[in-house]
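Here's the structure, in C-alpha cells; my notes come after.
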Amino acid sequence: MNTAGLSRMEVVEGDITAETTDAIVNAANETLLGGGGVDGAIHRAAGPGLLEACRELDGCLPGQAKVTGGFELAARWVVHTVGPIYDALSPEDADRLLGAAYVNALLAAAEAGARSVSFPAISTGAYGFPQDRAARVAVLSVARALEMDDRIELVRFVCFSPEQAQLHQAAMDALRKL
Ligand code: ADP
C-alpha cells in the first residue's frame with residue numbers, strides 16, 4: 001500500500017502519561033468521568049482539572065472523540081475516545097467502531113492543532129478486544145487516515161507490554177508489504 005501514512009507512524013513500549021507528543025489519546029468510557037486502566041492512569045497524572053473539564057463534555061459515544069487540555073501532563077491536549085466492548089457486537093462491527101475511534105481521535109487532535117499524537121491500544125483491556133485483531137485495525141485505520149490528512153506529522157502507538165508492541169510492529173510490517 002501507499003506508505004505515506006506508515007512513514008509517520010511508530011511503535012514504542014511505555015507509559016502513555018509520560019508522552020511528550022502534542023496530544024495523547026485516552027481510551028475512556030462513555031461517561032468520560034474516569035475509570036480504570038489507561039483512563040485512571042491519565043486522570044491521576046493530569047490532576048483533578050482533567051475530571052472537571054470532562055464533566056463539561058456530557059459523555060462520548062463509542063467511536064467518537066472529544067478534546068480537553070492536558071493539565072499537568074506534558075501533552076497539551078487529551079483526546080478522549082471510547083472504543084467498542086468486543087463481546088457486545090459482531091467482530092465486524094467491533095472492528096468498524098474501533099477504527100472509527102482511532103480515526104475520529106486523530107481528526108479531533110488535528111482540529112485542535114496537534115501535530116503529534118500518542119495512542120494506547122484502545123479496547124484491549126477491560127473492553128476485551130483480542131490484542132492481535134485490535135493492533136491490525138489500529139494500524140490500518142491510522143495509516144489510511146494519515147494518507148488523507150497531512151496535518152499530523154507523527155503518530156506513536158504506546159504499547160504497555162513487549163507483546164503488544166510486537167503485534168503493532170508486525171501489523172505495520174504486513175501493511176508495508178501490501
Ligand atoms: P479499554 O477499556 O478501552 O479496554 P483499558 O484501559 O482497560 O481500556 O486498556 C487499554 C490498553 O491500555 C490495555 O492494553 C492496557 O494494558 C493499556 N494501558 C494501561 N495503562 C497504560 C498506560 N499507562 N500507558 C499505556 N497503555 C496503558
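Going by the C-alpha cells order, chains are called A, B, ..., each with residues numbered from 1, while ligands are numbered from 1 in the order shown.
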
Near-ligand residues for ligand 1, threshold 6 Å, only C-alpha atoms and all ligand atoms, as a list of chain:residue names: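 These are the residues that qualify: A:Asp15, A:Ile16, A:Thr17, A:Ala27, A:Gly37, A:Val38, A:Asp39, A:Ala41, A:Gly83, A:Pro120, A:Ala121, A:Ile122, A:Ser123, A:Thr124, A:Gly125, A:Ala126, A:Tyr127, A:Gly128, A:Val158, A:Cys159, A:Phe160.
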
Can you spit out the residues from that selection as a PDB file, in the first residue's frame, using N, CA and C atoms?
```pdb
ATOM      1  N   ASP A  15       4.681   4.084  29.074  1.00  0.00           N
ATOM      2  CA  ASP A  15       3.518   4.616  29.789  1.00  0.00           C
ATOM      3  C   ASP A  15       3.065   5.875  29.045  1.00  0.00           C
ATOM      4  N   ILE A  16       1.839   5.868  28.553  1.00  0.00           N
ATOM      5  CA  ILE A  16       1.383   6.983  27.714  1.00  0.00           C
ATOM      6  C   ILE A  16       1.338   8.307  28.485  1.00  0.00           C
ATOM      7  N   THR A  17       1.229   8.251  29.802  1.00  0.00           N
ATOM      8  CA  THR A  17       1.154   9.511  30.568  1.00  0.00           C
ATOM      9  C   THR A  17       2.471  10.286  30.514  1.00  0.00           C
ATOM     10  N   ALA A  27      -8.321   6.071  26.244  1.00  0.00           N
ATOM     11  CA  ALA A  27      -9.344   5.053  25.991  1.00  0.00           C
ATOM     12  C   ALA A  27     -10.325   5.118  27.158  1.00  0.00           C
ATOM     13  N   GLY A  37      -7.585   1.255  34.304  1.00  0.00           N
ATOM     14  CA  GLY A  37      -6.677   1.108  33.173  1.00  0.00           C
ATOM     15  C   GLY A  37      -5.996   2.406  32.781  1.00  0.00           C
ATOM     16  N   VAL A  38      -5.897   2.612  31.480  1.00  0.00           N
ATOM     17  CA  VAL A  38      -5.169   3.782  30.984  1.00  0.00           C
ATOM     18  C   VAL A  38      -5.915   5.071  31.344  1.00  0.00           C
ATOM     19  N   ASP A  39      -7.237   4.999  31.411  1.00  0.00           N
ATOM     20  CA  ASP A  39      -8.064   6.154  31.793  1.00  0.00           C
ATOM     21  C   ASP A  39      -7.691   6.631  33.202  1.00  0.00           C
ATOM     22  N   ALA A  41      -4.938   6.016  34.828  1.00  0.00           N
ATOM     23  CA  ALA A  41      -3.546   6.493  34.846  1.00  0.00           C
ATOM     24  C   ALA A  41      -3.467   7.923  34.307  1.00  0.00           C
ATOM     25  N   GLY A  83     -13.803   3.186  22.838  1.00  0.00           N
ATOM     26  CA  GLY A  83     -13.759   2.036  21.940  1.00  0.00           C
ATOM     27  C   GLY A  83     -14.951   1.124  22.174  1.00  0.00           C
ATOM     28  N   PRO A 120      -2.937   4.771  23.040  1.00  0.00           N
ATOM     29  CA  PRO A 120      -2.839   3.470  23.723  1.00  0.00           C
ATOM     30  C   PRO A 120      -3.557   2.442  22.859  1.00  0.00           C
ATOM     31  N   ALA A 121      -3.496   1.177  23.226  1.00  0.00           N
ATOM     32  CA  ALA A 121      -4.201   0.125  22.480  1.00  0.00           C
ATOM     33  C   ALA A 121      -5.657   0.098  22.952  1.00  0.00           C
ATOM     34  N   ILE A 122      -6.458   0.931  22.288  1.00  0.00           N
ATOM     35  CA  ILE A 122      -7.863   1.139  22.673  1.00  0.00           C
ATOM     36  C   ILE A 122      -8.633  -0.193  22.677  1.00  0.00           C
ATOM     37  N   SER A 123      -9.464  -0.381  23.689  1.00  0.00           N
ATOM     38  CA  SER A 123     -10.375  -1.540  23.838  1.00  0.00           C
ATOM     39  C   SER A 123      -9.686  -2.865  24.159  1.00  0.00           C
ATOM     40  N   THR A 124      -8.358  -2.889  24.331  1.00  0.00           N
ATOM     41  CA  THR A 124      -7.690  -4.181  24.543  1.00  0.00           C
ATOM     42  C   THR A 124      -7.542  -4.570  26.011  1.00  0.00           C
ATOM     43  N   GLY A 125      -8.068  -3.737  26.916  1.00  0.00           N
ATOM     44  CA  GLY A 125      -8.021  -4.072  28.341  1.00  0.00           C
ATOM     45  C   GLY A 125      -9.393  -4.538  28.787  1.00  0.00           C
ATOM     46  N   ALA A 126     -10.043  -3.724  29.587  1.00  0.00           N
ATOM     47  CA  ALA A 126     -11.359  -4.074  30.130  1.00  0.00           C
ATOM     48  C   ALA A 126     -12.381  -4.353  29.030  1.00  0.00           C
ATOM     49  N   TYR A 127     -12.231  -3.740  27.867  1.00  0.00           N
ATOM     50  CA  TYR A 127     -13.216  -3.898  26.795  1.00  0.00           C
ATOM     51  C   TYR A 127     -12.988  -5.150  25.943  1.00  0.00           C
ATOM     52  N   GLY A 128     -11.921  -5.921  26.237  1.00  0.00           N
ATOM     53  CA  GLY A 128     -11.825  -7.298  25.760  1.00  0.00           C
ATOM     54  C   GLY A 128     -11.498  -7.556  24.298  1.00  0.00           C
ATOM     55  N   VAL A 158       1.684   3.699  21.746  1.00  0.00           N
ATOM     56  CA  VAL A 158       2.404   3.496  23.009  1.00  0.00           C
ATOM     57  C   VAL A 158       1.865   2.226  23.661  1.00  0.00           C
ATOM     58  N   CYS A 159       2.647   1.168  23.516  1.00  0.00           N
ATOM     59  CA  CYS A 159       2.206  -0.165  23.939  1.00  0.00           C
ATOM     60  C   CYS A 159       2.632  -0.440  25.371  1.00  0.00           C
ATOM     61  N   PHE A 160       1.817  -1.227  26.072  1.00  0.00           N
ATOM     62  CA  PHE A 160       2.030  -1.418  27.504  1.00  0.00           C
ATOM     63  C   PHE A 160       2.702  -2.744  27.831  1.00  0.00           C
TER      64      PHE A 160
END
```

Chain A: which residues are strand (DSSP E) by DSSP, as a PyMOL selection string? chain A and resi 9-13+23-28+65-69+77-82+116-119+154-159

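Across A:Leu140, A:Leu107, A:Leu32, A:Ile24, the tightest approach to Gly69 in chain A is made by A:Ile24 when counting only C-alpha atoms.
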
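Closest approach to Ile42 in chain A from the set A:Glu13, A:Glu72, A:Asp150, A:Asp173 is made by A:Glu72, with distances taken over only C-alpha atoms.
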
Compile a residue-level contact table for range 65-124 of chain A against range 46-54 of chain A at a cut-off of 7 Å, reporting for every qualifying residue the shortest atom pair and its distance in Å to one decimal, with only C-alpha atoms counted, rows ordered by chain and ascending number, as JSON lines.
```
{"residue": "A:Thr68", "atom": "CA", "partner": "A:Ala53", "partner_atom": "CA", "distance": 6.5}
{"residue": "A:Gly70", "atom": "CA", "partner": "A:Ala46", "partner_atom": "CA", "distance": 6.3}
{"residue": "A:Phe71", "atom": "CA", "partner": "A:Ala46", "partner_atom": "CA", "distance": 5.3}
{"residue": "A:Glu72", "atom": "CA", "partner": "A:Ala46", "partner_atom": "CA", "distance": 4.5}
{"residue": "A:Leu73", "atom": "CA", "partner": "A:Ala46", "partner_atom": "CA", "distance": 5.0}
```

Identify, on the basis of only C-alpha atoms, every residue whose closest approach to Cys60 in chain A does not exceed 9 Å; exclude the query and any residue fewer than 6 positions from it along the same chain; express the result as a list in words. Ala28, Asn29, Glu30, Thr31, Leu32, Lys66, His80, Thr81 and Val82 of chain A

Preceding selection exported with N, CA and C atoms as a short mmCIF file (atom, residue, chain, number, x, y, z; two decimals), in the first residue's frame:
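And here is the file that came out, result-v7.cif:
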```cif
data_model
loop_
_atom_site.label_atom_id
_atom_site.label_comp_id
_atom_site.auth_asym_id
_atom_site.auth_seq_id
_atom_site.Cartn_x
_atom_site.Cartn_y
_atom_site.Cartn_z
N ALA A 28 -11.32 5.99 27.03
CA ALA A 28 -12.23 6.30 28.13
C ALA A 28 -13.48 5.42 28.05
N ASN A 29 -14.42 5.64 28.96
CA ASN A 29 -15.74 5.02 28.82
C ASN A 29 -16.76 6.12 28.48
N GLU A 30 -18.01 5.73 28.21
CA GLU A 30 -18.98 6.69 27.68
C GLU A 30 -19.26 7.87 28.59
N THR A 31 -19.04 7.69 29.90
CA THR A 31 -19.32 8.80 30.82
C THR A 31 -18.25 9.88 30.75
N LEU A 32 -17.06 9.52 30.34
CA LEU A 32 -15.86 10.39 30.38
C LEU A 32 -15.56 10.87 31.81
N LYS A 66 -13.63 13.48 21.93
CA LYS A 66 -13.75 14.86 22.44
C LYS A 66 -12.42 15.27 23.07
N HIS A 80 -10.22 12.29 24.21
CA HIS A 80 -10.95 11.19 24.86
C HIS A 80 -11.78 10.48 23.80
N THR A 81 -11.55 9.19 23.67
CA THR A 81 -12.39 8.42 22.76
C THR A 81 -12.89 7.20 23.49
N VAL A 82 -13.90 6.56 22.93
CA VAL A 82 -14.49 5.37 23.55
C VAL A 82 -14.48 4.25 22.52
#
```

For Asp95 in chain A, work out the shell of residues within 9 Å, counting only C-alpha atoms and skipping chain neighbours fewer than 2 positions away, then give it as JSON, numbers by chain. {"A": [84, 86, 90, 91, 92, 93, 97, 98, 99, 100, 133, 134, 137]}

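When only C-alpha atoms are used to compute distances to Leu106 in chain A, the closest of the residues A:Met9, A:Leu146, A:Val139, A:Ala75 turns out to be A:Leu146.
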
Restricting the calculation to only C-alpha atoms: of A:Arg115, A:Arg96, A:Arg151, A:Lys177, which residue gets closest to Leu6 in chain A? A:Lys177

Could you find all residues in range 3-162 of chain A that DSSP calls alpha helix (DSSP H) from the backbone, and write them as a VMD selection string? chain A and resid 37 to 46 48 to 55 91 to 112 131 to 148 162
